[in-house]
$ cat my_file_20.tsv   # TSV, C-alpha atoms
chain	number	residue	atom	x	y	z
W	38	GLN	CA	2.37	-4.98	16.87
W	39	VAL	CA	2.24	-4.45	13.10
W	40	GLN	CA	0.66	-7.06	10.87
W	41	LEU	CA	1.12	-7.33	7.11
W	42	VAL	CA	-1.75	-8.84	5.17
W	43	GLU	CA	-1.15	-9.99	1.60
W	44	SER	CA	-3.78	-10.68	-1.04
W	45	GLY	CA	-4.02	-11.38	-4.74
W	46	GLY	CA	-2.22	-14.68	-5.21
W	47	GLY	CA	-3.69	-17.57	-7.13
W	48	LEU	CA	-3.45	-19.76	-10.20
W	49	VAL	CA	-2.80	-18.17	-13.59
W	50	GLN	CA	-1.83	-19.43	-17.02
W	51	PRO	CA	1.57	-18.59	-18.53
W	52	GLY	CA	1.47	-15.10	-20.00
W	53	GLY	CA	-1.20	-14.00	-17.58
W	54	SER	CA	-1.17	-11.32	-14.89
W	55	LEU	CA	-1.70	-11.06	-11.16
W	56	ARG	CA	-1.70	-8.13	-8.75
W	57	LEU	CA	-0.43	-8.68	-5.22
W	58	SER	CA	-1.31	-6.22	-2.47
W	59	CYS	CA	0.12	-5.86	1.01
W	60	ALA	CA	-1.39	-3.70	3.72
W	61	ALA	CA	0.02	-2.89	7.15
W	62	SER	CA	-2.28	-2.71	10.15
W	63	GLY	CA	-1.95	-2.62	13.89
W	64	ARG	CA	-0.29	-0.14	16.17
W	65	VAL	CA	0.52	3.36	14.95
W	66	PHE	CA	2.57	2.90	11.81
W	67	ASN	CA	3.50	6.04	9.98
W	68	GLY	CA	4.65	4.35	6.84
W	69	TYR	CA	7.62	2.25	5.87
W	70	ASP	CA	11.17	3.28	5.02
W	71	GLN	CA	11.41	0.47	2.50
W	72	ALA	CA	8.97	-2.16	1.26
W	73	GLY	CA	9.43	-5.14	-0.92
W	74	TRP	CA	8.34	-8.49	-2.22
W	75	TYR	CA	10.29	-11.71	-1.88
W	76	ARG	CA	9.51	-15.20	-3.09
W	77	GLN	CA	10.44	-18.74	-2.22
W	78	ALA	CA	9.96	-21.67	-4.55
W	79	PRO	CA	10.02	-25.27	-3.29
W	80	GLY	CA	13.56	-26.39	-2.52
W	81	LYS	CA	15.00	-22.91	-3.12
W	82	GLN	CA	16.10	-20.02	-0.94
W	83	ARG	CA	13.96	-16.95	-0.50
W	84	GLU	CA	14.94	-14.28	-3.02
W	85	MET	CA	14.22	-10.61	-3.46
W	86	VAL	CA	11.81	-9.83	-6.28
W	87	ALA	CA	11.34	-6.05	-5.99
W	88	ARG	CA	11.89	-3.27	-3.47
W	89	LEU	CA	10.64	0.28	-3.10
W	90	SER	CA	12.05	3.08	-0.97
W	91	ARG	CA	10.13	5.88	0.73
W	92	ALA	CA	11.73	8.26	-1.77
W	93	GLY	CA	10.35	6.22	-4.66
W	94	GLY	CA	13.46	4.35	-5.76
W	95	THR	CA	12.85	0.85	-7.08
W	96	TRP	CA	14.99	-2.28	-7.49
W	97	TYR	CA	14.11	-5.48	-9.34
W	98	ALA	CA	15.58	-8.93	-9.67
W	99	ASP	CA	16.93	-9.41	-13.19
W	100	SER	CA	14.48	-12.25	-13.76
W	101	VAL	CA	11.44	-9.96	-13.38
W	102	LYS	CA	12.66	-6.69	-14.92
W	103	GLY	CA	10.25	-5.43	-17.52
W	104	ARG	CA	7.48	-7.75	-16.32
W	105	PHE	CA	6.86	-6.80	-12.67
W	106	THR	CA	6.17	-3.35	-11.23
W	107	ILE	CA	6.23	-2.40	-7.56
W	108	SER	CA	4.31	0.65	-6.43
W	109	ARG	CA	2.90	2.39	-3.40
W	110	ASP	CA	-0.83	2.83	-2.90
W	111	ASN	CA	-0.23	4.78	0.30
W	112	ALA	CA	2.24	4.87	3.18
W	113	LYS	CA	0.91	1.58	4.53
W	114	GLN	CA	0.34	-0.40	1.35
W	115	VAL	CA	2.51	-1.76	-1.41
W	116	VAL	CA	1.46	-3.43	-4.66
W	117	LEU	CA	3.25	-5.79	-7.04
W	118	GLN	CA	1.82	-5.93	-10.55
W	119	MET	CA	3.01	-9.09	-12.29
W	120	ASN	CA	2.61	-9.41	-16.05
W	121	SER	CA	3.78	-11.98	-18.58
W	122	LEU	CA	3.97	-14.58	-15.85
W	123	ARG	CA	6.08	-17.69	-16.42
W	124	PRO	CA	6.00	-21.12	-14.77
W	125	GLU	CA	9.30	-20.27	-13.07
W	126	ASP	CA	7.53	-17.44	-11.22
W	127	THR	CA	5.65	-20.06	-9.23
W	128	ALA	CA	6.43	-19.52	-5.54
W	129	VAL	CA	5.12	-18.26	-2.24
W	130	TYR	CA	5.39	-14.46	-2.32
W	131	TYR	CA	6.11	-12.58	0.89
W	132	CYS	CA	5.62	-8.91	1.62
W	133	ASN	CA	8.25	-7.09	3.65
W	134	MET	CA	8.21	-3.64	5.24
W	135	TYR	CA	11.14	-2.05	7.02
W	136	LYS	CA	10.60	0.76	9.47
W	137	PHE	CA	13.76	1.51	11.45
W	138	PRO	CA	14.63	-0.47	13.49
W	139	ASP	CA	11.95	-3.07	12.82
W	140	ASP	CA	11.47	-5.53	9.97
W	141	TYR	CA	8.00	-6.94	9.27
W	142	TRP	CA	6.92	-9.90	7.12
W	143	GLY	CA	3.60	-11.10	5.82
W	144	GLN	CA	2.44	-14.70	5.99
W	145	GLY	CA	2.92	-15.30	2.26
W	146	THR	CA	0.59	-15.81	-0.66
W	147	GLN	CA	0.87	-18.61	-3.22
W	148	VAL	CA	1.34	-17.77	-6.88
W	149	THR	CA	1.10	-20.68	-9.30
W	150	VAL	CA	1.72	-20.25	-13.02
W	151	SER	CA	0.59	-23.30	-14.92
W	152	SER	CA	-1.46	-24.32	-17.94

$ encode --input "my_file_20.tsv" --output "structure tokens"
Amino acid sequence: QVQLVESGGGLVQPGGSLRLSCAASGRVFNGYDQAGWYRQAPGKQREMVARLSRAGGTWYADSVKGRFTISRDNAKQVVLQMNSLRPEDTAVYYCNMYKFPDDYWGQGTQVTVSS
């Protein structure tokens, strides 16, 4: 069984920054094929924020382009650097790792942007 553990959420003022980390642990896991971050705000559907492929390709939601950066620390960890945060970024952020044929999710970490 693979577990994803997220860290780095919290309360930040508008314009501030946060760094989310996600680490995979558990049975032998030789690294993901794709990894990403999703978020879900109250009353809204879960949406993709950013994704990263094993080859290094990245995709971002239009709402976070230029402000968020997804990167790989190693084959079992993925980081989301969030800058210039806005109140509308407030949500629970979930880490996702895909390793064929399995899809893994973290438990979520709360990000609140408020003055």

$ residues_around --input "my_file_20.tsv" --residues "region 114-118 of chain W" --least-positions-apart "5" --cutoff "12 Å" --atoms "all atoms listed in the file" --output "ChimeraX atom specification"
/W:40-46,53-62,66-76,86-91,93,95,97,101-109,130-134,143

$ atom_distance --input "my_file_20.tsv" --atom1 "CA of Pro124 (chain W)" --atom2 "CA of Gln50 (chain W)"
8.3 Å

$ closest_residue --input "my_file_20.tsv" --among "W:Tyr135, W:Leu48, W:Gln147, W:Asp140" --to "Ala112 (chain W)" --atoms "all atoms listed in the file"
W:Tyr135

$ atom_distance --input "my_file_20.tsv" --atom1 "CA of Ser100 (chain W)" --atom2 "CA of Ala78 (chain W)"
13.9 Å

$ closest_residue --input "my_file_20.tsv" --among "W:Glu125, W:Asp110, W:Glu84, W:Asp139" --to "Ala98 (chain W)" --atoms "all atoms listed in the file"
W:Glu84

$ decode --input "my_file_20.tsv" --residues "region 91-112 of chain W" --atoms "N, CA, C and O atoms" --output "tab-separated table (two decimals), in the first residue's frame"
chain	number	residue	atom	x	y	z
W	91	ARG	N	6.67	12.40	-15.60
W	91	ARG	CA	8.01	11.86	-15.30
W	91	ARG	C	9.06	12.50	-16.19
W	91	ARG	O	10.20	12.74	-15.76
W	92	ALA	N	8.67	12.84	-17.42
W	92	ALA	CA	9.60	13.46	-18.36
W	92	ALA	C	9.84	14.93	-18.07
W	92	ALA	O	10.70	15.56	-18.71
W	93	GLY	N	9.07	15.50	-17.15
W	93	GLY	CA	9.28	16.89	-16.77
W	93	GLY	C	8.28	17.88	-17.35
W	93	GLY	O	8.38	19.08	-17.11
W	94	GLY	N	7.33	17.39	-18.14
W	94	GLY	CA	6.30	18.28	-18.66
W	94	GLY	C	5.38	18.77	-17.57
W	94	GLY	O	5.11	18.05	-16.60
W	95	THR	N	4.92	20.01	-17.67
W	95	THR	CA	4.05	20.58	-16.66
W	95	THR	C	2.79	21.16	-17.30
W	95	THR	O	2.82	21.63	-18.44
W	96	TRP	N	1.70	21.13	-16.55
W	96	TRP	CA	0.43	21.73	-16.96
W	96	TRP	C	-0.14	22.49	-15.78
W	96	TRP	O	0.00	22.05	-14.63
W	97	TYR	N	-0.75	23.64	-16.06
W	97	TYR	CA	-1.32	24.46	-15.00
W	97	TYR	C	-2.73	24.90	-15.36
W	97	TYR	O	-3.02	25.16	-16.53
W	98	ALA	N	-3.57	25.03	-14.35
W	98	ALA	CA	-4.86	25.67	-14.56
W	98	ALA	C	-4.61	27.13	-14.91
W	98	ALA	O	-3.67	27.76	-14.40
W	99	ASP	N	-5.45	27.69	-15.76
W	99	ASP	CA	-5.26	29.08	-16.18
W	99	ASP	C	-5.24	30.03	-14.98
W	99	ASP	O	-4.52	31.03	-14.98
W	100	SER	N	-6.01	29.70	-13.96
W	100	SER	CA	-6.14	30.60	-12.81
W	100	SER	C	-4.86	30.70	-11.97
W	100	SER	O	-4.73	31.63	-11.17
W	101	VAL	N	-3.93	29.76	-12.16
W	101	VAL	CA	-2.70	29.78	-11.33
W	101	VAL	C	-1.44	29.99	-12.15
W	101	VAL	O	-0.35	30.10	-11.58
W	102	LYS	N	-1.56	30.05	-13.48
W	102	LYS	CA	-0.38	30.24	-14.32
W	102	LYS	C	0.36	31.51	-13.95
W	102	LYS	O	-0.23	32.56	-13.75
W	103	GLY	N	1.68	31.39	-13.83
W	103	GLY	CA	2.50	32.52	-13.46
W	103	GLY	C	2.62	32.75	-11.97
W	103	GLY	O	3.43	33.57	-11.53
W	104	ARG	N	1.82	32.05	-11.19
W	104	ARG	CA	1.85	32.21	-9.73
W	104	ARG	C	2.28	30.93	-9.01
W	104	ARG	O	2.95	30.99	-7.97
W	105	PHE	N	1.90	29.78	-9.55
W	105	PHE	CA	2.21	28.49	-8.93
W	105	PHE	C	3.25	27.77	-9.78
W	105	PHE	O	3.25	27.86	-11.01
W	106	THR	N	4.10	26.99	-9.11
W	106	THR	CA	5.10	26.17	-9.80
W	106	THR	C	5.12	24.78	-9.18
W	106	THR	O	5.29	24.65	-7.95
W	107	ILE	N	4.98	23.76	-10.02
W	107	ILE	CA	5.08	22.39	-9.56
W	107	ILE	C	6.45	21.86	-9.93
W	107	ILE	O	6.99	22.15	-10.99
W	108	SER	N	7.03	21.10	-9.01
W	108	SER	CA	8.36	20.56	-9.26
W	108	SER	C	8.55	19.24	-8.53
W	108	SER	O	7.77	18.88	-7.66
W	109	ARG	N	9.63	18.56	-8.92
W	109	ARG	CA	9.92	17.26	-8.33
W	109	ARG	C	11.14	17.39	-7.43
W	109	ARG	O	12.18	17.87	-7.86
W	110	ASP	N	11.02	16.96	-6.18
W	110	ASP	CA	12.19	16.89	-5.31
W	110	ASP	C	12.95	15.60	-5.58
W	110	ASP	O	14.18	15.58	-5.59
W	111	ASN	N	12.22	14.53	-5.77
W	111	ASN	CA	12.80	13.24	-6.14
W	111	ASN	C	11.67	12.40	-6.72
W	111	ASN	O	10.56	12.90	-6.91
W	112	ALA	N	11.93	11.13	-6.98
W	112	ALA	CA	10.94	10.30	-7.66
W	112	ALA	C	9.72	10.02	-6.80
W	112	ALA	O	8.71	9.52	-7.31
